[in-house]
>>> print(open('data.tsv').read())   # TSV, C-alpha atoms
chain	number	residue	atom	x	y	z
E	1	MET	CA	20.82	-73.32	21.86
E	2	PHE	CA	17.84	-72.13	19.81
E	3	ILE	CA	14.77	-70.94	21.70
E	4	GLN	CA	11.55	-70.66	19.74
E	5	THR	CA	8.74	-68.31	20.70
E	6	GLU	CA	5.03	-68.62	20.00
E	7	SER	CA	2.25	-66.15	20.54
E	8	THR	CA	-0.65	-67.16	22.78
E	9	PRO	CA	-4.31	-66.08	22.77
E	10	ASN	CA	-3.31	-63.72	25.60
E	11	PRO	CA	-1.48	-60.73	24.03
E	12	ALA	CA	0.35	-60.07	27.32
E	13	THR	CA	1.87	-63.59	27.34
E	14	LEU	CA	4.46	-65.26	25.09
E	15	LYS	CA	5.41	-68.94	25.04
E	16	PHE	CA	9.13	-69.76	24.98
E	17	LEU	CA	10.24	-73.23	23.82
E	18	PRO	CA	13.86	-73.90	24.84
E	19	GLY	CA	14.02	-77.26	23.02
E	20	GLN	CA	14.66	-79.03	26.34
E	21	THR	CA	12.57	-80.37	29.17
E	22	VAL	CA	11.59	-77.58	31.55
E	23	LEU	CA	9.71	-79.72	34.11
E	24	ASP	CA	9.71	-83.53	34.18
E	25	ALA	CA	6.16	-83.58	35.56
E	26	GLY	CA	3.47	-81.12	36.58
E	27	THR	CA	3.51	-77.36	36.21
E	28	ALA	CA	4.84	-74.41	38.17
E	29	ASP	CA	3.17	-71.01	38.38
E	30	PHE	CA	5.02	-67.89	39.55
E	31	PRO	CA	2.57	-64.99	39.69
E	32	SER	CA	5.13	-62.71	41.37
E	33	ALA	CA	8.86	-62.23	41.81
E	34	GLU	CA	8.53	-63.37	45.44
E	35	ALA	CA	7.02	-66.69	44.32
E	36	ALA	CA	9.94	-67.13	41.90
E	37	GLU	CA	12.42	-67.59	44.75
E	38	LYS	CA	11.78	-71.37	44.42
E	39	SER	CA	13.18	-71.36	40.90
E	40	PRO	CA	16.52	-70.03	39.66
E	41	LEU	CA	15.08	-69.86	36.11
E	42	ALA	CA	11.95	-67.95	37.13
E	43	ALA	CA	14.00	-65.57	39.29
E	44	ARG	CA	16.29	-64.85	36.34
E	45	ILE	CA	13.29	-64.10	34.09
E	46	PHE	CA	11.69	-61.85	36.72
E	47	ALA	CA	14.92	-59.82	36.75
E	48	VAL	CA	13.84	-58.50	33.33
E	49	ASP	CA	11.99	-55.23	33.86
E	50	GLY	CA	8.30	-55.52	32.92
E	51	VAL	CA	7.83	-59.26	33.61
E	52	THR	CA	4.73	-59.86	35.76
E	53	GLY	CA	4.33	-63.65	35.61
E	54	VAL	CA	6.19	-66.85	34.72
E	55	PHE	CA	4.71	-70.32	34.17
E	56	PHE	CA	6.47	-73.64	33.45
E	57	GLY	CA	5.08	-76.62	31.59
E	58	ASN	CA	6.81	-79.80	30.45
E	59	ASP	CA	8.64	-78.24	27.51
E	60	PHE	CA	7.76	-74.55	27.66
E	61	VAL	CA	7.99	-71.35	29.67
E	62	THR	CA	5.29	-68.72	29.37
E	63	VAL	CA	6.08	-65.16	30.36
E	64	THR	CA	3.50	-62.45	31.04
E	65	LYS	CA	4.46	-58.79	30.75
E	66	SER	CA	2.94	-55.57	32.01
E	67	ASP	CA	1.00	-53.39	29.57
E	68	ALA	CA	3.60	-50.63	30.03
E	69	VAL	CA	6.29	-52.49	28.05
E	70	ALA	CA	6.37	-53.81	24.49
E	71	TRP	CA	7.45	-57.34	23.56
E	72	ASP	CA	9.99	-55.88	21.14
E	73	HIS	CA	11.77	-54.29	24.10
E	74	ILE	CA	11.85	-57.19	26.58
E	75	LYS	CA	11.79	-60.34	24.43
E	76	PRO	CA	15.57	-60.26	23.72
E	77	ALA	CA	16.32	-59.93	27.45
E	78	ILE	CA	14.00	-62.85	28.28
E	79	LEU	CA	15.60	-65.01	25.58
E	80	GLY	CA	18.99	-64.12	27.05
E	81	ALA	CA	17.86	-64.98	30.58
E	82	VAL	CA	16.56	-68.41	29.49
E	83	MET	CA	19.73	-69.15	27.52
E	84	GLU	CA	22.00	-68.03	30.38
E	85	HIS	CA	20.08	-70.24	32.79
E	86	TYR	CA	20.46	-73.39	30.70
E	87	GLN	CA	24.15	-72.65	30.11
E	88	SER	CA	24.73	-72.12	33.86
E	89	GLY	CA	23.86	-75.72	34.72
E	90	GLN	CA	21.57	-74.61	37.56
E	91	PRO	CA	18.36	-76.58	38.13
E	92	VAL	CA	15.04	-75.13	36.94
E	93	MET	CA	13.58	-75.60	40.44
E	94	ALA	CA	15.39	-75.32	43.78
E	95	ALA	CA	16.06	-78.65	45.50
E	96	ASP	CA	13.32	-78.13	48.10
E	97	ALA	CA	10.70	-76.90	45.59
E	98	GLN	CA	8.27	-79.16	43.80
E	99	ALA	CA	6.13	-78.73	40.71
E	100	ALA	CA	2.38	-78.77	41.23
E	101	SER	CA	0.57	-81.93	40.22
E	102	GLY	CA	-2.42	-79.88	39.28
E	103	HIS	CA	-5.81	-80.70	40.68
E	104	ALA	CA	-7.00	-79.99	44.22
E	105	ASP	CA	-7.97	-82.99	46.33
E	106	HIS	CA	-11.66	-83.67	46.84
E	107	SER	CA	-13.33	-86.32	48.93
E	108	GLY	CA	-16.90	-86.90	49.98
E	109	GLU	CA	-20.18	-87.79	48.38
E	110	ASP	CA	-19.28	-86.18	45.03
E	111	SER	CA	-15.94	-87.97	44.65
E	112	GLU	CA	-17.12	-90.09	41.70
E	113	ILE	CA	-18.31	-86.99	39.82
E	114	VAL	CA	-15.09	-85.15	40.68
E	115	ASN	CA	-13.01	-88.06	39.36
E	116	GLN	CA	-14.95	-87.85	36.07
E	117	ILE	CA	-14.38	-84.08	35.91
E	118	LYS	CA	-10.64	-84.49	36.52
E	119	ALA	CA	-10.41	-87.25	33.90
E	120	LEU	CA	-12.11	-85.06	31.27
E	121	LEU	CA	-9.91	-82.09	32.14
E	122	ASP	CA	-6.76	-84.24	31.86
E	123	SER	CA	-7.71	-85.93	28.60
E	124	ARG	CA	-9.45	-83.15	26.66
E	125	VAL	CA	-8.83	-79.72	28.18
E	126	ARG	CA	-5.33	-79.54	29.67
E	127	PRO	CA	-3.49	-80.72	26.52
E	128	ALA	CA	-5.26	-78.03	24.47
E	129	VAL	CA	-4.53	-75.19	26.88
E	130	ALA	CA	-0.91	-76.37	27.23
E	131	GLN	CA	-0.59	-75.73	23.48
E	132	ASP	CA	-1.51	-72.11	24.27
E	133	GLY	CA	1.03	-71.90	27.11
E	134	GLY	CA	-1.25	-72.36	30.10
E	135	ASP	CA	-3.00	-74.81	32.36
E	136	ILE	CA	-6.45	-75.23	33.90
E	137	THR	CA	-6.81	-77.26	37.08
E	138	PHE	CA	-9.70	-78.47	39.20
E	139	HIS	CA	-10.22	-76.39	42.34
E	140	GLY	CA	-13.61	-77.55	43.65
E	141	PHE	CA	-17.13	-78.82	43.01
E	142	ASP	CA	-20.17	-77.60	44.92
E	143	ARG	CA	-23.86	-78.09	44.05
E	144	GLY	CA	-23.29	-78.51	40.33
E	145	VAL	CA	-20.70	-75.72	40.00
E	146	VAL	CA	-17.16	-76.65	38.96
E	147	TYR	CA	-14.44	-74.22	40.07
E	148	LEU	CA	-11.31	-74.14	37.92
E	149	HIS	CA	-7.99	-72.35	38.40
E	150	MET	CA	-6.39	-70.83	35.29
E	151	GLN	CA	-2.61	-70.47	35.09
E	152	GLY	CA	0.04	-69.26	32.67
E	153	ALA	CA	-1.28	-67.75	29.45
E	154	CYS	CA	-4.85	-68.63	30.51
E	155	ALA	CA	-4.77	-66.33	33.55
E	156	GLY	CA	-5.96	-62.91	32.46
E	157	CYS	CA	-6.50	-63.96	28.85
E	158	PRO	CA	-9.28	-62.00	27.12
E	159	SER	CA	-10.71	-65.21	25.63
E	160	SER	CA	-10.58	-67.22	28.89
E	161	THR	CA	-14.21	-66.52	29.80
E	162	LEU	CA	-15.31	-67.75	26.39
E	163	THR	CA	-13.10	-70.83	26.75
E	164	LEU	CA	-14.58	-71.59	30.16
E	165	LYS	CA	-18.23	-71.01	29.28
E	166	MET	CA	-18.50	-72.17	25.68
E	167	GLY	CA	-15.81	-74.82	25.68
E	168	ILE	CA	-15.18	-76.41	29.05
E	169	GLU	CA	-18.65	-75.87	30.54
E	170	ASN	CA	-20.34	-77.37	27.46
E	171	LEU	CA	-17.94	-80.33	27.46
E	172	LEU	CA	-18.44	-81.12	31.15
E	173	ARG	CA	-22.24	-80.66	30.98
E	174	HIS	CA	-22.39	-82.99	27.98
E	175	TYR	CA	-20.57	-85.85	29.71
E	176	ILE	CA	-21.56	-85.21	33.33
E	177	PRO	CA	-25.23	-84.20	33.80
E	178	GLU	CA	-24.59	-83.17	37.43
E	179	VAL	CA	-22.46	-80.24	36.22
E	180	THR	CA	-24.52	-77.06	35.76
E	181	GLU	CA	-21.86	-74.34	35.56
E	182	VAL	CA	-18.11	-73.68	35.41
E	183	ARG	CA	-16.53	-70.71	37.19
E	184	PRO	CA	-12.95	-69.45	37.42
E	185	VAL	CA	-11.32	-69.10	40.83
E	186	ALA	CA	-8.25	-67.09	41.82
E	187	VAL	CA	-5.92	-68.85	44.24
>>> encode(input="data.tsv", output="structure tokens")
Amino acid sequence: MFIQTESTPNPATLKFLPGQTVLDAGTADFPSAEAAEKSPLAARIFAVDGVTGVFFGNDFVTVTKSDAVAWDHIKPAILGAVMEHYQSGQPVMAADAQAASGHADHSGEDSEIVNQIKALLDSRVRPAVAQDGGDITFHGFDRGVVYLHMQGACAGCPSSTLTLKMGIENLLRHYIPEVTEVRPVAV
């Protein structure tokens, strides 16, 4: 098994590509070791000292480290943990755990606008941020303000504010005049 790694715009996060499907559909975000109990793979990665976050996409795993450790010191252990997991035959997610589909539900008078926002996010934004090892999902819409949740490499990334304001906000405002602003939200 050969696992490739790629850097992300977030220097604290690396993208690991195991060459196999990680999740059949959706994403899974593990911002803590406690959250990783739903996933044998995430739990194994969190066992590496210095790991502070794990995120799964379709064909990748992103790992976030603390500032106190260097990638040179923990990358081999993470590669080993991923390889051991795939060789063990265990599932990526526990039987009772499910991957997140992404967007929050929204109903009401703005539902048509929200559907347009979700469609633009799915077609233009999410594929691009997945390339960087993260995900951005719809969280809410209120009086012209779109609230988005950033996960994986996007969470805590130094360029995430620029991505939100200059990229996503401009895109949504261009296609949907009712959108006036985009803001990040922590879940």
>>> residues_around(input="data.tsv", residues="region 19-30 of chain E", least_positions_apart="5", cutoff="7 Å", atoms="all atoms listed in the file", output="ChimeraX atom specification")
/E:3,35-36,53-60,92,99-102,151-152
>>> atom_distance(input="data.tsv", atom1="CA of Ile168 (chain E)", atom2="CA of Asp142 (chain E)")
16.7 Å
>>> atom_distance(input="data.tsv", atom1="CA of Thr8 (chain E)", atom2="CA of Leu162 (chain E)")
15.1 Å
>>> atom_distance(input="data.tsv", atom1="CA of Met166 (chain E)", atom2="CA of Thr13 (chain E)")
22.2 Å
>>> closest_residue(input="data.tsv", among="E:Val182, E:Ala153, E:Ile113, E:Ala97", to="Glu169 (chain E)", atoms="all atoms listed in the file")
E:Val182
>>> residues_near_point(input="data.tsv", point="(20.4, -63.0, 36.4)", cutoff="7 Å", atoms="all atoms listed in the file", output="list of chain:residue names")
E:Arg44, E:Ala47, E:Ala81
>>> closest_residue(input="data.tsv", among="E:Glu6, E:Asp96, E:Glu112, E:Asp72", to="Gln131 (chain E)", atoms="only C-alpha atoms")
E:Glu6
>>> axis_aligned_box(input="data.tsv", around="region 150-155 of chain E", padding_each_side="8 Å", output="AutoDock Vina command-line options")
--center_x -3.2 --center_y -68.6 --center_z 32.4 --size_x 22.4 --size_y 20.5 --size_z 21.8
>>> closest_residue(input="data.tsv", among="E:Gly133, E:Gly140, E:Pro184, E:Pro40", to="His85 (chain E)", atoms="all atoms listed in the file")
E:Pro40
>>> closest_residue(input="data.tsv", among="E:Gly144, E:Pro18, E:Pro76, E:Gly156", to="Val48 (chain E)", atoms="all atoms listed in the file")
E:Pro76
>>> residues_around(input="data.tsv", residues="Arg183 (chain E)", least_positions_apart="3", cutoff="7 Å", atoms="only C-alpha atoms", output="VMD selection string")
chain E and resid 146 to 148
>>> residues_around(input="data.tsv", residues="Leu79 (chain E)", least_positions_apart="2", cutoff="12 Å", atoms="all atoms listed in the file", output="ChimeraX atom specification")
/E:1-5,14-18,41,44-45,48,61-63,71-77,81-86
>>> closest_residue(input="data.tsv", among="E:Met150, E:Leu121, E:Val179, E:Ala95", to="Ser39 (chain E)", atoms="all atoms listed in the file")
E:Ala95
>>> closest_residue(input="data.tsv", among="E:Leu120, E:Val129, E:Ala42, E:Leu171", to="Met93 (chain E)", atoms="all atoms listed in the file")
E:Ala42
>>> decode(input="data.tsv", residues="region 106-119 of chain E", atoms="all heavy atoms", output="tab-separated table (two decimals), in the first residue's frame")
chain	number	residue	atom	x	y	z
E	106	HIS	N	-33.02	23.58	5.99
E	106	HIS	CA	-33.58	24.93	6.11
E	106	HIS	C	-34.93	24.92	5.42
E	106	HIS	O	-35.06	24.48	4.28
E	106	HIS	CB	-32.66	25.96	5.43
E	106	HIS	CG	-33.14	27.36	5.57
E	106	HIS	ND1	-32.72	28.17	6.60
E	106	HIS	CD2	-34.01	28.10	4.85
E	106	HIS	CE1	-33.31	29.36	6.49
E	106	HIS	NE2	-34.08	29.33	5.43
E	107	SER	N	-35.93	25.38	6.12
E	107	SER	CA	-37.25	25.50	5.50
E	107	SER	C	-37.80	26.87	5.84
E	107	SER	O	-37.29	27.57	6.71
E	107	SER	CB	-38.19	24.40	6.02
E	107	SER	OG	-38.31	24.51	7.42
E	108	GLY	N	-38.81	27.28	5.12
E	108	GLY	CA	-39.39	28.59	5.37
E	108	GLY	C	-39.42	29.43	4.12
E	108	GLY	O	-39.26	28.93	3.00
E	109	GLU	N	-39.59	30.73	4.33
E	109	GLU	CA	-39.79	31.63	3.19
E	109	GLU	C	-38.55	31.77	2.31
E	109	GLU	O	-38.66	32.12	1.15
E	109	GLU	CB	-40.22	33.00	3.70
E	109	GLU	CG	-39.21	33.67	4.61
E	109	GLU	CD	-39.73	34.94	5.24
E	109	GLU	OE1	-40.78	34.88	5.88
E	109	GLU	OE2	-39.08	35.99	5.06
E	110	ASP	N	-37.36	31.50	2.86
E	110	ASP	CA	-36.13	31.63	2.08
E	110	ASP	C	-35.68	30.33	1.44
E	110	ASP	O	-34.57	30.24	0.93
E	110	ASP	CB	-35.00	32.14	2.98
E	110	ASP	CG	-35.26	33.52	3.53
E	110	ASP	OD1	-35.89	34.33	2.83
E	110	ASP	OD2	-34.83	33.79	4.67
E	111	SER	N	-36.53	29.31	1.44
E	111	SER	CA	-36.08	27.98	1.00
E	111	SER	C	-35.60	27.97	-0.45
E	111	SER	O	-34.67	27.24	-0.79
E	111	SER	CB	-37.16	26.93	1.23
E	111	SER	OG	-38.31	27.25	0.52
E	112	GLU	N	-36.18	28.78	-1.32
E	112	GLU	CA	-35.73	28.82	-2.71
E	112	GLU	C	-34.31	29.41	-2.81
E	112	GLU	O	-33.46	28.89	-3.52
E	112	GLU	CB	-36.70	29.64	-3.56
E	112	GLU	CG	-36.38	29.57	-5.04
E	112	GLU	CD	-37.41	30.30	-5.89
E	112	GLU	OE1	-38.62	30.11	-5.65
E	112	GLU	OE2	-36.99	31.05	-6.78
E	113	ILE	N	-34.07	30.46	-2.05
E	113	ILE	CA	-32.73	31.07	-2.03
E	113	ILE	C	-31.73	30.08	-1.45
E	113	ILE	O	-30.62	29.91	-1.97
E	113	ILE	CB	-32.74	32.38	-1.20
E	113	ILE	CG1	-33.62	33.43	-1.89
E	113	ILE	CG2	-31.34	32.91	-0.98
E	113	ILE	CD1	-33.93	34.64	-1.03
E	114	VAL	N	-32.09	29.42	-0.36
E	114	VAL	CA	-31.21	28.45	0.29
E	114	VAL	C	-30.88	27.30	-0.67
E	114	VAL	O	-29.73	26.87	-0.74
E	114	VAL	CB	-31.83	27.93	1.60
E	114	VAL	CG1	-31.06	26.72	2.13
E	114	VAL	CG2	-31.84	29.04	2.65
E	115	ASN	N	-31.85	26.84	-1.43
E	115	ASN	CA	-31.58	25.78	-2.41
E	115	ASN	C	-30.57	26.24	-3.45
E	115	ASN	O	-29.71	25.47	-3.88
E	115	ASN	CB	-32.88	25.32	-3.06
E	115	ASN	CG	-33.73	24.50	-2.11
E	115	ASN	OD1	-33.24	23.95	-1.12
E	115	ASN	ND2	-35.02	24.41	-2.40
E	116	GLN	N	-30.66	27.51	-3.88
E	116	GLN	CA	-29.70	28.05	-4.83
E	116	GLN	C	-28.30	28.13	-4.20
E	116	GLN	O	-27.30	27.80	-4.84
E	116	GLN	CB	-30.12	29.45	-5.29
E	116	GLN	CG	-31.35	29.48	-6.16
E	116	GLN	CD	-31.78	30.91	-6.48
E	116	GLN	OE1	-31.15	31.87	-6.06
E	116	GLN	NE2	-32.87	31.05	-7.22
E	117	ILE	N	-28.24	28.56	-2.93
E	117	ILE	CA	-26.96	28.65	-2.23
E	117	ILE	C	-26.33	27.26	-2.15
E	117	ILE	O	-25.15	27.08	-2.46
E	117	ILE	CB	-27.15	29.23	-0.81
E	117	ILE	CG1	-27.56	30.71	-0.89
E	117	ILE	CG2	-25.88	29.06	0.04
E	117	ILE	CD1	-28.06	31.29	0.43
E	118	LYS	N	-27.11	26.26	-1.73
E	118	LYS	CA	-26.58	24.90	-1.60
E	118	LYS	C	-26.11	24.36	-2.95
E	118	LYS	O	-25.08	23.70	-3.04
E	118	LYS	CB	-27.64	23.97	-1.00
E	118	LYS	CG	-27.92	24.23	0.47
E	118	LYS	CD	-29.01	23.29	0.98
E	118	LYS	CE	-29.34	23.51	2.42
E	118	LYS	NZ	-30.40	22.59	2.89
E	119	ALA	N	-26.86	24.65	-4.01
E	119	ALA	CA	-26.48	24.17	-5.34
E	119	ALA	C	-25.15	24.78	-5.78
E	119	ALA	O	-24.28	24.08	-6.34
E	119	ALA	CB	-27.58	24.49	-6.35
